[in-house]
$ cat my_file_0.csv   # CSV, C-alpha atoms
chain,number,residue,atom,x,y,z
A,1,MET,CA,119.3,77.8,69.4
A,2,ILE,CA,119.7,81.2,71.1
A,3,ARG,CA,118.6,84.1,69.0
A,4,PRO,CA,121.4,86.7,68.5
A,5,SER,CA,121.2,90.0,70.3
A,6,ARG,CA,121.3,92.4,67.4
A,7,ASN,CA,118.9,95.2,67.9
A,8,HIS,CA,121.3,98.2,67.6
A,9,PRO,CA,122.0,100.8,64.9
A,10,GLY,CA,125.2,99.1,63.7
A,11,PHE,CA,123.4,95.9,62.8
A,12,TRP,CA,120.6,97.7,61.1
A,13,ALA,CA,123.1,99.7,59.1
A,14,PHE,CA,124.6,96.5,57.9
A,15,VAL,CA,121.2,95.1,57.0
A,16,ALA,CA,120.4,98.3,55.0
A,17,HIS,CA,123.7,98.1,53.2
A,18,ARG,CA,123.3,94.4,52.3
A,19,VAL,CA,119.6,94.6,51.3
A,20,SER,CA,120.1,97.7,49.2
A,21,GLY,CA,123.1,96.0,47.6
A,22,VAL,CA,121.2,92.8,46.7
A,23,ALA,CA,118.2,94.9,45.4
A,24,LEU,CA,120.6,97.0,43.2
A,25,ALA,CA,122.3,93.8,41.9
A,26,LEU,CA,118.8,92.5,40.9
A,27,PHE,CA,118.0,95.8,39.2
A,28,LEU,CA,121.2,95.9,37.1
A,29,PRO,CA,120.3,93.1,34.6
A,30,LEU,CA,116.9,94.7,34.1
A,31,HIS,CA,118.7,98.0,33.4
A,32,PHE,CA,121.0,96.4,30.9
A,33,LEU,CA,118.0,94.6,29.2
A,34,ALA,CA,116.3,98.0,28.8
A,35,LEU,CA,119.4,99.6,27.4
A,36,GLY,CA,119.8,96.6,25.1
A,37,LEU,CA,116.5,97.5,23.4
A,38,ALA,CA,118.5,100.2,21.6
A,39,LEU,CA,120.4,97.4,19.8
A,40,GLU,CA,117.1,96.1,18.4
A,41,SER,CA,115.7,99.4,17.1
A,42,ASP,CA,115.2,103.1,18.0
A,43,ALA,CA,111.4,102.4,18.2
A,44,ALA,CA,111.8,99.6,20.8
A,45,LEU,CA,113.8,101.8,23.1
A,46,ASP,CA,111.4,104.7,22.5
A,47,ARG,CA,108.4,102.5,23.4
A,48,PHE,CA,110.1,101.5,26.6
A,49,LEU,CA,111.0,105.1,27.5
A,50,SER,CA,107.4,106.3,27.0
A,51,ALA,CA,106.2,103.4,29.2
A,52,ALA,CA,108.8,104.6,31.8
A,53,ASP,CA,106.8,107.9,32.1
A,54,ASN,CA,103.9,106.2,33.9
A,55,PRO,CA,103.6,106.7,37.7
A,56,VAL,CA,104.5,103.2,38.6
A,57,PHE,CA,107.9,103.6,37.0
A,58,LYS,CA,108.3,106.9,38.7
A,59,ILE,CA,107.7,105.2,42.1
A,60,ALA,CA,110.2,102.5,41.2
A,61,GLU,CA,112.7,105.2,40.1
A,62,TRP,CA,112.3,106.9,43.5
A,63,GLY,CA,113.0,103.6,45.2
A,64,LEU,CA,116.0,103.1,43.1
A,65,VAL,CA,117.4,106.6,44.0
A,66,VAL,CA,116.8,105.9,47.7
A,67,LEU,CA,118.5,102.5,47.5
A,68,LEU,CA,121.5,104.0,45.7
A,69,THR,CA,121.8,106.7,48.3
A,70,VAL,CA,121.5,104.2,51.2
A,71,HIS,CA,124.1,101.9,49.6
A,72,LEU,CA,126.4,104.7,48.8
A,73,CYS,CA,126.2,106.2,52.4
A,74,ALA,CA,126.6,102.8,54.0
A,75,GLY,CA,129.6,102.0,51.9
A,76,LEU,CA,131.2,105.4,52.6
A,77,ARG,CA,130.5,104.9,56.3
A,78,VAL,CA,132.4,101.6,56.4
A,79,MET,CA,135.3,103.1,54.4
A,80,ALA,CA,135.4,106.1,56.7
A,81,LEU,CA,135.5,103.8,59.8
A,82,GLU,CA,138.1,101.5,58.4
A,83,PHE,CA,140.5,103.9,56.6
A,84,LEU,CA,140.3,107.2,58.4
A,85,PRO,CA,141.9,107.7,61.8
A,86,TRP,CA,139.4,106.4,64.3
A,87,ARG,CA,136.8,108.6,65.8
A,88,ASP,CA,133.9,107.1,67.6
A,89,SER,CA,131.5,108.2,64.9
A,90,ARG,CA,129.7,104.9,64.3
A,91,LYS,CA,126.2,106.0,65.1
A,92,GLY,CA,126.7,109.6,63.9
A,93,LEU,CA,127.6,108.3,60.4
A,94,ILE,CA,124.6,106.0,60.4
A,95,GLY,CA,122.4,109.0,61.3
A,96,LEU,CA,124.0,111.1,58.6
A,97,GLY,CA,123.5,108.4,56.0
A,98,ALA,CA,119.8,108.0,56.9
A,99,VAL,CA,119.2,111.7,56.8
A,100,THR,CA,120.9,112.0,53.4
A,101,ALA,CA,118.8,109.1,52.0
A,102,VAL,CA,115.6,110.7,53.2
A,103,ALA,CA,116.7,114.1,51.9
A,104,VAL,CA,117.7,112.7,48.5
A,105,GLY,CA,114.4,110.8,48.3
A,106,ALA,CA,112.4,113.9,49.1
A,107,ILE,CA,114.3,116.1,46.6
A,108,PHE,CA,113.6,113.4,43.9
A,109,LEU,CA,109.9,113.4,44.8
A,110,LEU,CA,109.7,117.2,44.7
A,111,ARG,CA,111.4,117.4,41.3
A,112,VAL,CA,109.3,114.6,39.8
A,113,GLY,CA,106.1,116.0,41.3
B,1,MET,CA,123.2,89.0,102.9
B,2,THR,CA,120.8,91.4,101.2
B,3,ALA,CA,117.5,91.9,102.8
B,4,ALA,CA,114.4,90.4,101.2
B,5,ARG,CA,112.2,93.0,99.5
B,6,ASP,CA,109.1,91.0,100.3
B,7,GLU,CA,109.2,87.3,100.8
B,8,ARG,CA,106.1,87.0,98.7
B,9,GLU,CA,107.8,88.6,95.7
B,10,ARG,CA,109.2,85.9,93.4
B,11,LEU,CA,111.1,86.0,90.2
B,12,SER,CA,110.1,83.5,87.5
B,13,VAL,CA,113.4,82.2,86.2
B,14,GLU,CA,113.8,79.9,83.2
B,15,VAL,CA,117.2,78.2,83.2
B,16,TRP,CA,118.6,76.1,80.4
B,17,ARG,CA,119.2,72.5,81.5
B,18,GLY,CA,121.2,70.1,79.4
B,19,ARG,CA,123.7,70.5,76.7
B,20,ASP,CA,122.8,71.1,73.0
B,21,GLU,CA,119.7,69.0,73.6
B,22,GLY,CA,117.8,70.1,76.7
B,23,ARG,CA,114.9,72.2,78.1
B,24,PHE,CA,114.1,75.2,80.1
B,25,GLU,CA,113.4,74.6,83.8
B,26,THR,CA,111.4,77.3,85.6
B,27,PHE,CA,112.3,78.3,89.2
B,28,ALA,CA,110.5,80.7,91.6
B,29,VAL,CA,113.3,82.6,93.2
B,30,PRO,CA,112.9,85.2,96.1
B,31,HIS,CA,113.3,88.7,94.7
B,32,ARG,CA,115.7,90.6,96.9
B,33,ALA,CA,117.0,94.2,96.9
B,34,ASN,CA,120.2,94.8,94.9
B,35,GLN,CA,120.1,91.2,93.6
B,36,THR,CA,122.3,90.3,90.7
B,37,VAL,CA,121.6,87.6,88.1
B,38,LEU,CA,124.5,85.6,89.5
B,39,ASP,CA,122.8,85.8,92.9
B,40,VAL,CA,119.7,84.3,91.3
B,41,VAL,CA,121.7,81.4,89.6
B,42,THR,CA,123.5,80.7,92.9
B,43,TRP,CA,120.2,80.7,94.8
B,44,ILE,CA,118.8,78.1,92.4
B,45,GLN,CA,121.9,76.0,92.6
B,46,ARG,CA,121.9,76.1,96.5
B,47,HIS,CA,118.2,75.7,97.1
B,48,ALA,CA,116.5,74.1,94.1
B,49,ALA,CA,118.9,72.4,91.7
B,50,PRO,CA,122.2,71.3,93.2
B,51,ALA,CA,123.3,69.7,90.0
B,52,LEU,CA,123.0,73.0,88.1
B,53,ALA,CA,126.3,73.7,86.2
B,54,TYR,CA,127.5,77.3,85.9
B,55,ARG,CA,130.8,79.1,86.3
B,56,PHE,CA,131.9,82.1,88.5
B,57,ALA,CA,134.8,83.1,90.6
B,58,CYS,CA,135.3,86.7,91.7
B,59,ARG,CA,131.7,88.0,91.8
B,60,VAL,CA,133.0,91.6,91.3
B,61,GLY,CA,133.4,91.9,87.5
B,62,VAL,CA,137.1,91.1,87.3
B,63,CYS,CA,137.6,87.5,86.4
B,64,GLY,CA,135.2,87.3,83.4
B,65,SER,CA,134.0,83.8,84.1
B,66,CYS,CA,130.3,84.3,84.8
B,67,ALA,CA,129.0,85.5,81.4
B,68,MET,CA,125.7,84.0,80.3
B,69,THR,CA,122.8,85.0,78.0
B,70,VAL,CA,120.2,86.8,80.1
B,71,ASN,CA,116.9,87.6,78.4
B,72,GLY,CA,118.5,87.1,75.0
B,73,ARG,CA,121.5,89.3,75.6
B,74,PRO,CA,125.0,88.2,76.6
B,75,ARG,CA,126.0,89.8,79.9
B,76,TRP,CA,128.3,89.5,82.9
B,77,THR,CA,125.9,88.2,85.4
B,78,CYS,CA,127.8,89.2,88.6
B,79,ARG,CA,127.4,92.9,87.7
B,80,THR,CA,124.0,92.7,86.1
B,81,HIS,CA,121.2,93.7,88.5
B,82,VAL,CA,118.0,91.8,88.2
B,83,SER,CA,116.1,95.1,88.4
B,84,LYS,CA,117.9,96.2,85.2
B,85,VAL,CA,116.8,93.2,83.2
B,86,ALA,CA,113.7,91.5,84.7
B,87,GLY,CA,111.0,94.1,83.8
B,88,ALA,CA,107.7,94.4,85.5
B,89,ASP,CA,106.8,90.8,85.0
B,90,ARG,CA,109.8,89.7,87.0
B,91,ARG,CA,110.8,87.1,84.4
B,92,LEU,CA,114.3,86.0,83.6
B,93,ARG,CA,115.5,83.6,81.0
B,94,ILE,CA,119.1,82.4,81.5
B,95,GLU,CA,121.0,80.5,78.8
B,96,PRO,CA,124.6,79.7,78.1
B,97,LEU,CA,126.7,82.0,75.9
B,98,ARG,CA,126.2,81.7,72.1
B,99,ASN,CA,129.0,80.7,69.7
B,100,LEU,CA,130.8,78.4,72.1
B,101,PRO,CA,130.4,74.6,72.6
B,102,ARG,CA,128.2,73.8,75.6
B,103,ILE,CA,129.4,71.6,78.4
B,104,LYS,CA,126.3,71.5,80.7
B,105,ASP,CA,123.5,73.8,81.6
B,106,LEU,CA,125.0,77.3,81.7
B,107,ALA,CA,128.7,76.4,81.4
B,108,VAL,CA,130.4,76.6,78.0
B,109,ASP,CA,133.8,75.4,76.8
B,110,LEU,CA,136.0,78.5,76.4
B,111,THR,CA,138.8,76.4,74.8
B,112,PRO,CA,138.1,77.7,71.2
B,113,PHE,CA,137.9,81.2,72.5
B,114,PHE,CA,141.4,81.1,74.0
B,115,GLU,CA,142.8,79.1,71.1
B,116,LYS,CA,141.8,82.1,68.9
B,117,TRP,CA,143.8,84.4,71.2
B,118,GLN,CA,146.8,82.2,70.5
B,119,ARG,CA,146.1,82.1,66.8
B,120,ALA,CA,146.0,85.9,66.8
B,121,GLN,CA,149.4,85.8,68.6
B,122,GLY,CA,147.8,87.5,71.6
B,123,ARG,CA,150.8,86.9,73.8
B,124,PHE,CA,153.6,89.4,74.7
B,125,THR,CA,157.0,88.7,73.2
B,126,PRO,CA,159.6,90.2,75.6
B,127,THR,CA,162.6,92.2,74.4
B,128,ARG,CA,164.2,92.5,77.8
B,129,ASN,CA,164.9,90.3,80.8
B,130,ARG,CA,164.5,91.0,84.5
B,131,ALA,CA,168.1,92.3,84.8
B,132,ASP,CA,167.4,95.1,82.3
B,133,PRO,CA,166.0,98.5,83.4
B,134,LEU,CA,162.3,99.1,82.9
B,135,ALA,CA,161.4,100.2,79.4
B,136,PRO,CA,160.5,103.9,79.3
B,137,VAL,CA,157.1,104.2,77.7
B,138,SER,CA,155.4,107.6,77.4
B,139,PRO,CA,151.8,107.3,78.5
B,140,GLU,CA,151.1,110.2,76.2
B,141,SER,CA,152.2,108.6,73.0
B,142,PRO,CA,149.4,107.8,70.5
B,143,ALA,CA,150.4,104.2,70.4
B,144,ARG,CA,150.3,103.7,74.2
B,145,LYS,CA,147.0,105.5,74.3
B,146,ALA,CA,145.6,103.1,71.7
B,147,ALA,CA,146.9,100.1,73.7
B,148,ASP,CA,145.6,101.5,77.0
B,149,ALA,CA,142.1,101.9,75.4
B,150,GLY,CA,141.9,98.1,74.9
B,151,ILE,CA,143.9,96.7,77.7
B,152,GLU,CA,141.2,96.2,80.3
B,153,CYS,CA,139.6,93.2,78.6
B,154,ILE,CA,138.5,90.6,81.2
B,155,ASN,CA,138.2,87.7,78.7
B,156,CYS,CA,134.5,87.2,79.5
B,157,ALA,CA,133.7,86.2,75.9
B,158,VAL,CA,130.6,88.4,75.9
B,159,CYS,CA,131.8,90.0,72.6
B,160,HIS,CA,132.5,86.6,71.1
B,161,ALA,CA,128.9,85.5,71.9
B,162,ALA,CA,127.5,88.8,70.6
B,163,CYS,CA,129.4,88.8,67.3
B,164,ASP,CA,127.5,87.8,64.2
B,165,VAL,CA,130.6,87.0,62.2
B,166,VAL,CA,131.8,84.5,64.8
B,167,GLY,CA,128.4,82.8,64.4
B,168,TRP,CA,128.7,82.7,60.6
B,169,ASP,CA,132.4,81.8,60.3
B,170,PRO,CA,133.8,79.5,63.0
B,171,ASP,CA,137.3,80.4,61.8
B,172,TYR,CA,136.9,84.1,62.6
B,173,LEU,CA,139.2,85.1,65.4
B,174,GLY,CA,136.6,87.3,67.1
B,175,PRO,CA,136.6,90.7,68.7
B,176,ALA,CA,138.4,89.8,71.9
B,177,ALA,CA,141.4,88.1,70.3
B,178,LEU,CA,141.7,90.9,67.7
B,179,ASN,CA,141.4,93.5,70.5
B,180,ARG,CA,144.3,91.8,72.3
B,181,ALA,CA,146.3,91.8,69.0
B,182,TRP,CA,145.7,95.5,68.6
B,183,THR,CA,147.0,96.3,72.1
B,184,LEU,CA,150.2,94.3,71.3
B,185,VAL,CA,150.6,96.0,67.9
B,186,ASN,CA,150.7,99.3,69.8
B,187,ASP,CA,153.0,98.1,72.5
B,188,GLU,CA,156.4,99.4,71.7
B,189,ARG,CA,158.0,96.8,74.2
B,190,ASP,CA,156.7,93.8,72.2
B,191,GLY,CA,159.4,92.1,70.2
B,192,ASP,CA,157.2,90.8,67.4
B,193,ARG,CA,154.6,93.4,66.6
B,194,ARG,CA,154.8,92.6,62.8
B,195,GLY,CA,154.2,88.9,63.6
B,196,VAL,CA,151.1,89.9,65.6
B,197,LEU,CA,149.8,92.1,62.8
B,198,GLN,CA,150.3,89.3,60.3
B,199,ALA,CA,148.6,86.8,62.5
B,200,ALA,CA,145.7,89.2,63.1
B,201,ALA,CA,145.3,90.0,59.4
B,202,ALA,CA,145.5,86.3,58.1
B,203,GLY,CA,142.5,84.3,57.0
B,204,GLY,CA,139.7,84.6,59.5
B,205,GLY,CA,141.3,87.7,61.0
B,206,CYS,CA,140.5,91.4,61.1
B,207,HIS,CA,139.4,91.7,57.5
B,208,SER,CA,136.5,89.3,58.2
B,209,CYS,CA,134.9,91.9,60.5
B,210,HIS,CA,131.7,93.5,59.1
B,211,THR,CA,131.8,96.5,61.5
B,212,HIS,CA,128.4,95.7,63.0
B,213,GLY,CA,129.7,96.9,66.4
B,214,SER,CA,127.9,94.2,68.4
B,215,CYS,CA,131.0,93.8,70.5
B,216,VAL,CA,131.0,97.5,71.4
B,217,GLU,CA,127.3,97.3,72.2
B,218,HIS,CA,127.7,94.4,74.6
B,219,CYS,CA,131.2,94.8,76.1
B,220,PRO,CA,130.6,95.0,79.9
B,221,VAL,CA,133.7,97.0,80.6
B,222,GLY,CA,133.0,99.5,77.8
B,223,LEU,CA,135.9,98.6,75.4
B,224,ASN,CA,135.6,99.2,71.7
B,225,PRO,CA,137.0,96.2,69.8
B,226,THR,CA,135.6,97.5,66.5
B,227,ALA,CA,138.0,100.5,66.8
B,228,GLY,CA,140.9,98.1,67.4
B,229,ILE,CA,139.9,95.9,64.4
B,230,ALA,CA,139.6,98.9,62.2
B,231,GLY,CA,143.1,99.9,63.4
B,232,LEU,CA,144.4,96.5,62.5
B,233,LYS,CA,142.8,96.7,59.0
B,234,ARG,CA,144.5,100.1,58.4
B,235,ARG,CA,147.9,98.9,59.8
B,236,SER,CA,147.8,95.8,57.7
B,237,LEU,CA,147.1,97.9,54.6
B,238,LEU,CA,150.0,100.2,55.4
B,239,ASP,CA,152.2,97.1,56.0
B,240,LEU,CA,151.2,95.8,52.5
B,241,VAL,CA,152.4,99.0,50.9
B,242,GLY,CA,155.6,99.0,52.9
B,243,SER,CA,155.1,101.6,55.5
B,244,GLY,CA,154.0,99.4,58.4
B,245,LEU,CA,155.7,98.2,61.5
B,246,PRO,CA,159.5,97.6,61.9
$ encode --input "my_file_0.csv" --output "structure tokens"
Amino acid sequence: MIRPSRNHPGFWAFVAHRVSGVALALFLPLHFLALGLALESDAALDRFLSAADNPVFKIAEWGLVVLLTVHLCAGLRVMALEFLPWRDSRKGLIGLGAVTAVAVGAIFLLRVG
Amino acid sequence: MTAARDERERLSVEVWRGRDEGRFETFAVPHRANQTVLDVVTWIQRHAAPALAYRFACRVGVCGSCAMTVNGRPRWTCRTHVSKVAGADRRLRIEPLRNLPRIKDLAVDLTPFFEKWQRAQGRFTPTRNRADPLAPVSPESPARKAADAGIECINCAVCHAACDVVGWDPDYLGPAALNRAWTLVNDERDGDRRGVLQAAAAGGGCHSCHTHGSCVEHCPVGLNPTAGIAGLKRRSLLDLVGSGLP
């Protein structure tokens, strides 16, 4: 079995898009479970929200924000490549998405901190 | 003949022997100046392993028949210098192309590759005969420029071997067949451009592409099949909403 020759930005952009998508899909049921606490009682939701103030949750929130940005940028990149008139911007768009994700992650950290 | 750099300098070359089941055989090959990977394979066949199966014809990057996997990367071996790929340890590992059935050693069966060209309707449908005057085609028209950008494909199957989607979905037409379809969709002389577009956009066609760009990264003649496939996606969408090809 010959290993594929994949070490280039386009492939890693695909991996980032796919991994962030799977991670967000795993997050969504937990998100709905948390929101569903409101159906039980105000107190149950409030208890969860106060627990969400601890630093571990803040780190997880930061990860969530970065994942959302990565997934959004990767999806917009694919749509731009496939629906806009072609410009050879494959790697430029990957770079722009990566910089945007880092910037959004940094802004989130600054605002939380 | 190229001069020997130093007769004591040897390349250590691992070559795949066998079909799906097999093993690597290691050869010590004299390292020469300006030596290509195809030179190395030919030296092995002529001096060490006469039964070694491989394929080549023109040796100058035109016929597209000598592609192999060299140190893990699909390449045209006749235009790949050893000095570019061997590194300081002077090691080469040469295997057949991925994503195609193996015949023996370094030779793969290209039948599925060319069958996909046919499935993508990658053949010209003429609208004139030899008695008609030449069709006037402006080289400056956007469609002709798009066709010209993809027309120099040498059918080497390097993109086919590099493509992840071809590996995942054996039904996928692959970058070369779709690139060919894109040149025909943009060829105003072709009599069935809509048929080409429909064949290229059918199941296993352009919409299966994940836009990794491995074809662009590996194409030895610098073509951009990803651009053509993106063009086919756009054109098939336009066709769906009724503003496509005549």
$ interface_residues --input "my_file_0.csv" --of "chain A" --to "chain B" --cutoff "6 Å" --atoms "all atoms listed in the file" --output "MDAnalysis selection string"
chainID A and resid 5 10:11 82:83
$ atom_distance --input "my_file_0.csv" --atom1 "CA of Cys209 (chain B)" --atom2 "CA of Arg3 (chain A)"
20.0 Å
$ atom_distance --input "my_file_0.csv" --atom1 "CA of Ala74 (chain A)" --atom2 "CA of Gly204 (chain B)"
23.1 Å
$ closest_residue --input "my_file_0.csv" --among "A:Ile2, A:Ile59, A:Arg77, A:Ile107" --to "Ser89 (chain A)" --atoms "all atoms listed in the file"
A:Arg77
$ residues_around --input "my_file_0.csv" --residues "region 53-58 of chain A" --least-positions-apart "3" --cutoff "10 Å" --atoms "only C-alpha atoms" --output "number ranges by chain"
A: 48-50, 61-64, 108-109, 112-113
$ write_last_selection --input "my_file_0.csv" --atoms "C-alpha atoms" --output "compact mmCIF listing (two decimals), in the coordinates of the input"
# COMPACT_ATOMS: atom_id res chain seq x y z
CA PHE A 48 110.10 101.50 26.60
CA LEU A 49 111.00 105.10 27.50
CA SER A 50 107.40 106.30 27.00
CA GLU A 61 112.70 105.20 40.10
CA TRP A 62 112.30 106.90 43.50
CA GLY A 63 113.00 103.60 45.20
CA LEU A 64 116.00 103.10 43.10
CA PHE A 108 113.60 113.40 43.90
CA LEU A 109 109.90 113.40 44.80
CA VAL A 112 109.30 114.60 39.80
CA GLY A 113 106.10 116.00 41.30
$ atom_distance --input "my_file_0.csv" --atom1 "CA of Cys215 (chain B)" --atom2 "CA of Arg87 (chain A)"
16.6 Å
$ closest_residue --input "my_file_0.csv" --among "B:Ala149, B:Val165, B:Leu178, B:Leu173" --to "Leu223 (chain B)" --atoms "only C-alpha atoms"
B:Ala149
$ residues_near_point --input "my_file_0.csv" --point "(128.9, 86.7, 90.0)" --cutoff "12 Å" --atoms "only C-alpha atoms" --output "mmCIF file with C-alpha atoms, keeping the file's coordinate frame"
data_model
loop_
_atom_site.group_PDB
_atom_site.id
_atom_site.type_symbol
_atom_site.label_atom_id
_atom_site.label_comp_id
_atom_site.auth_asym_id
_atom_site.auth_seq_id
_atom_site.Cartn_x
_atom_site.Cartn_y
_atom_site.Cartn_z
ATOM 1 C CA GLN B 35 120.100 91.200 93.600
ATOM 2 C CA THR B 36 122.300 90.300 90.700
ATOM 3 C CA VAL B 37 121.600 87.600 88.100
ATOM 4 C CA LEU B 38 124.500 85.600 89.500
ATOM 5 C CA ASP B 39 122.800 85.800 92.900
ATOM 6 C CA VAL B 40 119.700 84.300 91.300
ATOM 7 C CA VAL B 41 121.700 81.400 89.600
ATOM 8 C CA THR B 42 123.500 80.700 92.900
ATOM 9 C CA TRP B 43 120.200 80.700 94.800
ATOM 10 C CA TYR B 54 127.500 77.300 85.900
ATOM 11 C CA ARG B 55 130.800 79.100 86.300
ATOM 12 C CA PHE B 56 131.900 82.100 88.500
ATOM 13 C CA ALA B 57 134.800 83.100 90.600
ATOM 14 C CA CYS B 58 135.300 86.700 91.700
ATOM 15 C CA ARG B 59 131.700 88.000 91.800
ATOM 16 C CA VAL B 60 133.000 91.600 91.300
ATOM 17 C CA GLY B 61 133.400 91.900 87.500
ATOM 18 C CA VAL B 62 137.100 91.100 87.300
ATOM 19 C CA CYS B 63 137.600 87.500 86.400
ATOM 20 C CA GLY B 64 135.200 87.300 83.400
ATOM 21 C CA SER B 65 134.000 83.800 84.100
ATOM 22 C CA CYS B 66 130.300 84.300 84.800
ATOM 23 C CA ALA B 67 129.000 85.500 81.400
ATOM 24 C CA MET B 68 125.700 84.000 80.300
ATOM 25 C CA ARG B 75 126.000 89.800 79.900
ATOM 26 C CA TRP B 76 128.300 89.500 82.900
ATOM 27 C CA THR B 77 125.900 88.200 85.400
ATOM 28 C CA CYS B 78 127.800 89.200 88.600
ATOM 29 C CA ARG B 79 127.400 92.900 87.700
ATOM 30 C CA THR B 80 124.000 92.700 86.100
ATOM 31 C CA HIS B 81 121.200 93.700 88.500
ATOM 32 C CA CYS B 156 134.500 87.200 79.500
#
$ residues_around --input "my_file_0.csv" --residues "Arg90 (chain A)" --least-positions-apart "3" --cutoff "8 Å" --atoms "all atoms listed in the file" --output "PyMOL selection string"
chain A and resi 10+81+93-94
$ residues_around --input "my_file_0.csv" --residues "region 68-70 of chain A" --least-positions-apart "3" --cutoff "8 Å" --atoms "all atoms listed in the file" --output "mmCIF file with C-alpha atoms, in the frame of the given file"
data_model
loop_
_atom_site.group_PDB
_atom_site.id
_atom_site.type_symbol
_atom_site.label_atom_id
_atom_site.label_comp_id
_atom_site.auth_asym_id
_atom_site.auth_seq_id
_atom_site.Cartn_x
_atom_site.Cartn_y
_atom_site.Cartn_z
ATOM 1 C CA ALA A 16 120.400 98.300 55.000
ATOM 2 C CA HIS A 17 123.700 98.100 53.200
ATOM 3 C CA SER A 20 120.100 97.700 49.200
ATOM 4 C CA LEU A 24 120.600 97.000 43.200
ATOM 5 C CA LEU A 64 116.000 103.100 43.100
ATOM 6 C CA VAL A 65 117.400 106.600 44.000
ATOM 7 C CA CYS A 73 126.200 106.200 52.400
ATOM 8 C CA ALA A 74 126.600 102.800 54.000
ATOM 9 C CA GLY A 97 123.500 108.400 56.000
ATOM 10 C CA ALA A 98 119.800 108.000 56.900
ATOM 11 C CA THR A 100 120.900 112.000 53.400
ATOM 12 C CA ALA A 101 118.800 109.100 52.000
ATOM 13 C CA VAL A 104 117.700 112.700 48.500
#
$ residues_around --input "my_file_0.csv" --residues "region 140-144 of chain B" --least-positions-apart "2" --cutoff "7 Å" --atoms "all atoms listed in the file" --output "ChimeraX atom specification"
/B:138,146-148,186-187
$ closest_atom_pairs --input "my_file_0.csv" --of "region 194-228 of chain B" --to "region 124-134 of chain B" --cutoff "12 Å" --atoms "all atoms listed in the file" --output "tab-separated table"
residue	atom	partner	partner_atom	distance
B:Arg194	CA	B:Thr125	CA	11.3
B:Gly195	CA	B:Thr125	CA	10.0
B:Val196	CA	B:Phe124	CA	9.5
$ residues_around --input "my_file_0.csv" --residues "region 107-123 of chain B" --least-positions-apart "2" --cutoff "9 Å" --atoms "only C-alpha atoms" --output "JSON, numbers by chain"
{"B": [53, 54, 55, 66, 68, 96, 97, 98, 100, 101, 102, 103, 104, 105, 125, 155, 157, 160, 171, 172, 173, 174, 176, 177, 178, 179, 180, 181, 182, 183, 184, 195, 196, 197, 198, 199, 200, 201, 202, 205]}
$ decode --input "my_file_0.csv" --residues "region 38-51 of chain B" --atoms "N, CA and C atoms" --output "tab-separated table (two decimals), in the first residue's frame"
chain	number	residue	atom	x	y	z
B	38	LEU	N	14.16	8.01	-14.56
B	38	LEU	CA	13.98	7.02	-15.63
B	38	LEU	C	15.33	6.41	-16.05
B	39	ASP	N	16.39	7.23	-16.07
B	39	ASP	CA	17.73	6.69	-16.34
B	39	ASP	C	18.08	5.60	-15.33
B	40	VAL	N	17.74	5.84	-14.07
B	40	VAL	CA	18.05	4.89	-13.00
B	40	VAL	C	17.30	3.57	-13.24
B	41	VAL	N	16.01	3.69	-13.54
B	41	VAL	CA	15.20	2.48	-13.76
B	41	VAL	C	15.73	1.72	-14.97
B	42	THR	N	16.08	2.45	-16.01
B	42	THR	CA	16.60	1.80	-17.22
B	42	THR	C	17.95	1.12	-16.94
B	43	TRP	N	18.80	1.78	-16.14
B	43	TRP	CA	20.09	1.16	-15.77
B	43	TRP	C	19.83	-0.18	-15.05
B	44	ILE	N	18.86	-0.16	-14.13
B	44	ILE	CA	18.57	-1.39	-13.37
B	44	ILE	C	18.09	-2.49	-14.33
B	45	GLN	N	17.20	-2.11	-15.26
B	45	GLN	CA	16.66	-3.12	-16.18
B	45	GLN	C	17.75	-3.67	-17.10
B	46	ARG	N	18.69	-2.81	-17.50
B	46	ARG	CA	19.72	-3.25	-18.46
B	46	ARG	C	20.89	-3.96	-17.79
B	47	HIS	N	21.17	-3.65	-16.53
B	47	HIS	CA	22.38	-4.19	-15.90
B	47	HIS	C	22.12	-5.13	-14.73
B	48	ALA	N	20.95	-5.05	-14.12
B	48	ALA	CA	20.77	-5.81	-12.89
B	48	ALA	C	19.52	-6.69	-12.88
B	49	ALA	N	18.44	-6.23	-13.49
B	49	ALA	CA	17.19	-6.99	-13.40
B	49	ALA	C	16.48	-6.95	-14.75
B	50	PRO	N	16.90	-7.78	-15.70
B	50	PRO	CA	16.33	-7.72	-17.06
B	50	PRO	C	14.82	-7.94	-17.11
B	51	ALA	N	14.27	-8.61	-16.10
B	51	ALA	CA	12.83	-8.88	-16.11
B	51	ALA	C	12.00	-7.74	-15.52
